[in-house]
Amino acid sequence: MNFPIPQLEKLPTRISPCPILEAVMEIRFVTGVDWALLPGLLYTQIKDRYPRSEKLTIASMPEELFRNDPTLTYMPRMRFIGQGFIVQFGPRVVSLLTSGEYPGWQQIHDELSWLLERLQLAGFVHEGERLGMRYIDFFEEDIFSHLVLDVRSGGESITGVEMNFSTVFRRGELIARLILNNGAMITRDNVVICGSILDLDVWLEASGFDIFVDAVEKFEEAHRCNKEIFFGLLKTNFLDRLAPQYE
């Protein structure tokens, strides 16, 4: 089957207002080092840019729960806070998150390259298990009416009702999971806003990358795929409303 999302000839470099709530670049890895030692090893390498550290709520759970529940294996337990970025860290995962206003892909690319260099110097990663990129976008309206995707029942389009939609598809080695929800609420400036979430996670499994050889290049490929899916989903008249800019 052909790739189900239409592909645009040119992709915008930015739209306004920027809908991105959060962007997450994640590496899951294999290590033989005990978790108790890992935070210190990583902090030594990144403390100049990420001087503050905080334990996440999940870190207070008994260790036995982590051993017995495989869904917790890749959950971060702490974070290191920097300027415009946050590094989340767990026994088998490290993630780079945007913090505040979206900085643009080039800054993410540069910070990610630096973090991977620091991770290699820390010396505890044996190999990568998964490389993932997740963008979460929010729109203050029903996003389903603005997408080329059409949800039907009995041959009729479903519109004007609260919906959640999820699907997974492949593009070469890349796997993408798309989640849409038009009943989302966020808090912005202490005001609750209703709207829609477009959540897109693109990833590679272990065989698709070498963490200290081509991970940055693979993140570039995932970013391109993410943009192609996102903009390919938008109807032309809706994209025009977002004042797209092109290089």
# chains A, B, ... in the order shown; residues from 1 in each chain; ligands from 1
>>> select_by_dssp(residues="range 16-205 of chain A", states="strand (DSSP E or B)", output="NGL selection string")
:A and (20-30 or 52-55 or 78-81 or 85-90 or 93-98 or 127-139 or 147 or 152-153 or 156-157 or 164-171 or 174-188 or 191-205)
>>> residues_around(residues="Ile108 in chain A", least_positions_apart="3", cutoff="10 Å", atoms="only C-alpha atoms", output="ChimeraX atom specification")
/A:23-25,84-85,96-98,102-105,111-114
>>> select_by_dssp(residues="range 2-136 of chain A", states="alpha helix (DSSP H)", output="PyMOL selection string")
chain A and resi 38-46+63-68+105-122
>>> write_last_selection(atoms="C-alpha atoms", output="compact mmCIF listing (two decimals), in the first residue's frame")
# COMPACT_ATOMS: atom_id res chain seq x y z
CA LEU A 38 23.79 6.70 36.45
CA PRO A 39 22.51 10.17 37.49
CA GLY A 40 25.94 11.14 38.78
CA LEU A 41 27.66 9.92 35.62
CA LEU A 42 25.34 11.94 33.39
CA TYR A 43 25.26 15.04 35.59
CA THR A 44 29.06 15.25 35.57
CA GLN A 45 28.92 15.65 31.79
CA ILE A 46 25.95 18.06 31.46
CA GLU A 63 12.01 -0.52 43.32
CA GLU A 64 10.11 -3.81 43.35
CA LEU A 65 7.35 -2.20 41.26
CA PHE A 66 9.86 -1.22 38.58
CA ARG A 67 11.21 -4.77 38.47
CA ASN A 68 7.76 -6.35 38.16
CA TRP A 105 14.49 22.60 14.76
CA GLN A 106 18.02 23.95 14.29
CA GLN A 107 18.42 24.72 18.00
CA ILE A 108 17.00 21.31 18.90
CA HIS A 109 19.39 19.67 16.44
CA ASP A 110 22.39 21.47 17.97
CA GLU A 111 21.38 20.70 21.55
CA LEU A 112 20.70 17.08 20.69
CA SER A 113 24.12 16.72 19.04
CA TRP A 114 25.76 18.14 22.16
CA LEU A 115 23.76 15.88 24.49
CA LEU A 116 24.67 12.74 22.53
CA GLU A 117 28.35 13.71 22.75
CA ARG A 118 28.00 14.12 26.51
CA LEU A 119 26.19 10.81 26.75
CA GLN A 120 29.01 9.05 24.95
CA LEU A 121 31.57 10.62 27.29
CA ALA A 122 29.55 9.41 30.31
>>> residues_around(residues="Glu173 in chain A", least_positions_apart="2", cutoff="12 Å", atoms="only C-alpha atoms", output="compact mmCIF listing (two decimals) with N, CA and C atoms, in the first residue's frame")
# COMPACT_ATOMS: atom_id res chain seq x y z
N ARG A 130 15.87 2.20 20.97
CA ARG A 130 14.80 2.91 20.25
C ARG A 130 15.18 4.38 20.16
N LEU A 131 14.94 4.98 19.00
CA LEU A 131 15.16 6.40 18.78
C LEU A 131 13.80 7.00 18.39
N PHE A 169 1.45 3.62 11.27
CA PHE A 169 1.83 3.21 9.94
C PHE A 169 3.34 3.32 9.78
N ARG A 170 3.86 2.67 8.75
CA ARG A 170 5.30 2.62 8.49
C ARG A 170 5.65 3.43 7.25
N ARG A 171 6.87 3.96 7.29
CA ARG A 171 7.45 4.56 6.10
C ARG A 171 8.92 4.15 6.08
N ILE A 175 8.56 4.22 11.92
CA ILE A 175 7.20 3.89 12.35
C ILE A 175 6.60 5.15 12.95
N ALA A 176 5.34 5.43 12.62
CA ALA A 176 4.68 6.64 13.12
C ALA A 176 3.37 6.28 13.80
N VAL A 202 7.24 9.54 15.98
CA VAL A 202 7.94 8.84 14.90
C VAL A 202 9.19 8.21 15.48
N TRP A 203 9.41 6.91 15.21
CA TRP A 203 10.55 6.26 15.84
C TRP A 203 11.20 5.20 14.95
N LEU A 204 12.42 4.83 15.37
CA LEU A 204 13.19 3.74 14.79
C LEU A 204 13.46 2.71 15.86
N GLU A 205 13.38 1.44 15.47
CA GLU A 205 13.75 0.38 16.40
C GLU A 205 15.27 0.19 16.38
N ALA A 206 15.78 -0.68 17.23
CA ALA A 206 17.22 -0.80 17.46
C ALA A 206 18.02 -1.06 16.18
N SER A 207 17.47 -1.85 15.26
CA SER A 207 18.21 -2.20 14.05
C SER A 207 18.35 -1.04 13.08
N GLY A 208 17.63 0.06 13.33
CA GLY A 208 17.62 1.17 12.39
C GLY A 208 18.62 2.27 12.65
N PHE A 209 19.39 2.17 13.75
CA PHE A 209 20.35 3.25 14.04
C PHE A 209 21.47 2.74 14.93
N LYS A 218 19.64 10.18 11.94
CA LYS A 218 18.35 9.50 12.01
C LYS A 218 17.27 10.40 12.63
N GLU A 221 16.03 12.47 9.85
CA GLU A 221 15.06 11.74 9.02
C GLU A 221 13.70 11.67 9.71
N ALA A 222 13.70 11.44 11.01
CA ALA A 222 12.44 11.38 11.75
C ALA A 222 11.74 12.74 11.74
N CYS A 225 10.15 13.24 8.37
CA CYS A 225 8.94 12.42 8.29
C CYS A 225 7.81 13.04 9.11
>>> residues_around(residues="range 148-160 of chain A", least_positions_apart="2", cutoff="10 Å", atoms="only C-alpha atoms", output="PDB file with N, CA and C atoms, in the first residue's frame")
ATOM      1  N   PRO A   4      -0.146   6.589   3.262  1.00  0.00           N
ATOM      2  CA  PRO A   4      -1.522   7.101   3.247  1.00  0.00           C
ATOM      3  C   PRO A   4      -1.665   8.612   3.404  1.00  0.00           C
ATOM      4  N   ILE A   5      -0.577   9.329   3.642  1.00  0.00           N
ATOM      5  CA  ILE A   5      -0.662  10.775   3.852  1.00  0.00           C
ATOM      6  C   ILE A   5      -0.162  11.500   2.601  1.00  0.00           C
ATOM      7  N   PRO A   6      -0.926  12.435   2.053  1.00  0.00           N
ATOM      8  CA  PRO A   6      -0.453  13.206   0.889  1.00  0.00           C
ATOM      9  C   PRO A   6       0.857  13.914   1.204  1.00  0.00           C
ATOM     10  N   ASP A 142     -11.850  22.336  16.551  1.00  0.00           N
ATOM     11  CA  ASP A 142     -11.973  20.921  16.205  1.00  0.00           C
ATOM     12  C   ASP A 142     -11.075  20.622  15.004  1.00  0.00           C
ATOM     13  N   PHE A 144     -10.433  17.890  13.442  1.00  0.00           N
ATOM     14  CA  PHE A 144     -10.898  16.904  12.464  1.00  0.00           C
ATOM     15  C   PHE A 144     -11.476  17.565  11.207  1.00  0.00           C
ATOM     16  N   SER A 145     -12.098  18.726  11.362  1.00  0.00           N
ATOM     17  CA  SER A 145     -12.697  19.388  10.203  1.00  0.00           C
ATOM     18  C   SER A 145     -11.647  20.012   9.291  1.00  0.00           C
ATOM     19  N   HIS A 146     -10.400  20.047   9.733  1.00  0.00           N
ATOM     20  CA  HIS A 146      -9.337  20.692   8.949  1.00  0.00           C
ATOM     21  C   HIS A 146      -8.314  19.691   8.396  1.00  0.00           C
ATOM     22  N   GLU A 162     -17.315  14.588  19.965  1.00  0.00           N
ATOM     23  CA  GLU A 162     -16.001  14.370  20.571  1.00  0.00           C
ATOM     24  C   GLU A 162     -15.439  13.040  20.084  1.00  0.00           C
ATOM     25  N   MET A 163     -14.191  13.070  19.619  1.00  0.00           N
ATOM     26  CA  MET A 163     -13.571  11.880  19.055  1.00  0.00           C
ATOM     27  C   MET A 163     -12.116  11.753  19.483  1.00  0.00           C
ATOM     28  N   PHE A 165      -8.841   9.436  17.940  1.00  0.00           N
ATOM     29  CA  PHE A 165      -8.452   8.614  16.808  1.00  0.00           C
ATOM     30  C   PHE A 165      -6.976   8.275  16.942  1.00  0.00           C
ATOM     31  N   ASN A 182     -10.173  15.708  19.834  1.00  0.00           N
ATOM     32  CA  ASN A 182     -10.774  17.039  19.741  1.00  0.00           C
ATOM     33  C   ASN A 182     -11.488  17.463  21.031  1.00  0.00           C
ATOM     34  N   GLY A 232       1.066  17.233   5.581  1.00  0.00           N
ATOM     35  CA  GLY A 232       0.267  16.476   4.630  1.00  0.00           C
ATOM     36  C   GLY A 232      -1.151  16.239   5.102  1.00  0.00           C
ATOM     37  N   LEU A 233      -1.349  16.225   6.423  1.00  0.00           N
ATOM     38  CA  LEU A 233      -2.677  16.011   6.986  1.00  0.00           C
ATOM     39  C   LEU A 233      -3.578  17.240   6.868  1.00  0.00           C
ATOM     40  N   LEU A 234      -2.998  18.430   6.779  1.00  0.00           N
ATOM     41  CA  LEU A 234      -3.779  19.661   6.823  1.00  0.00           C
ATOM     42  C   LEU A 234      -4.393  19.984   5.467  1.00  0.00           C
ATOM     43  N   LYS A 235      -5.671  20.346   5.485  1.00  0.00           N
ATOM     44  CA  LYS A 235      -6.303  20.824   4.266  1.00  0.00           C
ATOM     45  C   LYS A 235      -5.644  22.136   3.838  1.00  0.00           C
ATOM     46  N   THR A 236      -5.620  22.381   2.527  1.00  0.00           N
ATOM     47  CA  THR A 236      -4.919  23.543   1.992  1.00  0.00           C
ATOM     48  C   THR A 236      -5.445  24.848   2.567  1.00  0.00           C
TER      49      THR A 236
END
>>> atom_distance(atom1="CA of Glu9 in chain A", atom2="CA of Leu200 in chain A")
20.8 Å
>>> residues_around(residues="Tyr246 in chain A", least_positions_apart="6", cutoff="10 Å", atoms="only C-alpha atoms", output="list in words")
Lys10, Leu11, Pro12, Thr13, Arg14 and Ile15 of chain A
>>> write_last_selection(atoms="N, CA and C atoms", output="short mmCIF file (atom, residue, chain, number, x, y, z; two decimals), in the first residue's frame")
data_model
loop_
_atom_site.label_atom_id
_atom_site.label_comp_id
_atom_site.auth_asym_id
_atom_site.auth_seq_id
_atom_site.Cartn_x
_atom_site.Cartn_y
_atom_site.Cartn_z
N LYS A 10 6.52 21.41 -1.17
CA LYS A 10 7.35 22.23 -0.28
C LYS A 10 6.76 22.21 1.12
N LEU A 11 7.64 22.11 2.11
CA LEU A 11 7.20 22.10 3.50
C LEU A 11 7.50 23.45 4.15
N PRO A 12 6.54 24.02 4.87
CA PRO A 12 6.81 25.28 5.58
C PRO A 12 7.91 25.10 6.63
N THR A 13 8.64 26.17 6.88
CA THR A 13 9.63 26.17 7.96
C THR A 13 9.01 26.62 9.28
N ARG A 14 7.89 27.38 9.19
CA ARG A 14 7.17 27.79 10.39
C ARG A 14 5.76 28.19 10.03
N ILE A 15 4.87 28.12 11.03
CA ILE A 15 3.50 28.58 10.88
C ILE A 15 3.17 29.44 12.10
#
>>> atom_distance(atom1="CA of Arg79 in chain A", atom2="CA of Arg49 in chain A")
12.8 Å
>>> atom_distance(atom1="CA of Ile58 in chain A", atom2="CA of Arg77 in chain A")
6.0 Å
>>> residues_around(residues="Leu56 in chain A", least_positions_apart="6", cutoff="12 Å", atoms="only C-alpha atoms", output="CSV table (one decimal) with N, CA and C atoms, in the first residue's frame")
chain,number,residue,atom,x,y,z
A,75,MET,N,10.4,4.6,31.8
A,75,MET,CA,9.9,5.8,32.4
A,75,MET,C,11.1,6.6,33.0
A,76,PRO,N,11.2,7.9,32.7
A,76,PRO,CA,12.2,8.7,33.4
A,76,PRO,C,11.9,8.9,34.9
A,77,ARG,N,12.9,9.0,35.7
A,77,ARG,CA,12.7,9.2,37.1
A,77,ARG,C,13.2,10.5,37.6
A,78,MET,N,14.0,11.3,36.8
A,78,MET,CA,14.5,12.6,37.2
A,78,MET,C,14.7,13.4,36.0
A,79,ARG,N,14.9,14.7,36.2
A,79,ARG,CA,15.1,15.6,35.1
A,79,ARG,C,16.2,16.6,35.5
A,80,PHE,N,16.9,17.1,34.5
A,80,PHE,CA,17.9,18.2,34.6
A,80,PHE,C,17.4,19.3,33.8
A,87,VAL,N,16.4,17.8,30.2
A,87,VAL,CA,16.8,16.4,30.0
A,87,VAL,C,16.1,15.5,31.0
A,88,GLN,N,15.3,14.6,30.6
A,88,GLN,CA,14.7,13.6,31.5
A,88,GLN,C,15.5,12.3,31.4
A,89,PHE,N,15.6,11.6,32.5
A,89,PHE,CA,16.5,10.5,32.6
A,89,PHE,C,16.0,9.4,33.4
A,90,GLY,N,16.2,8.2,33.0
A,90,GLY,CA,15.8,7.0,33.7
A,90,GLY,C,16.8,5.9,33.5
>>> closest_residue(among="A:Ala243, A:Leu21, A:Leu174, A:Leu72", to="Asp201 in chain A", atoms="only C-alpha atoms")
A:Leu174
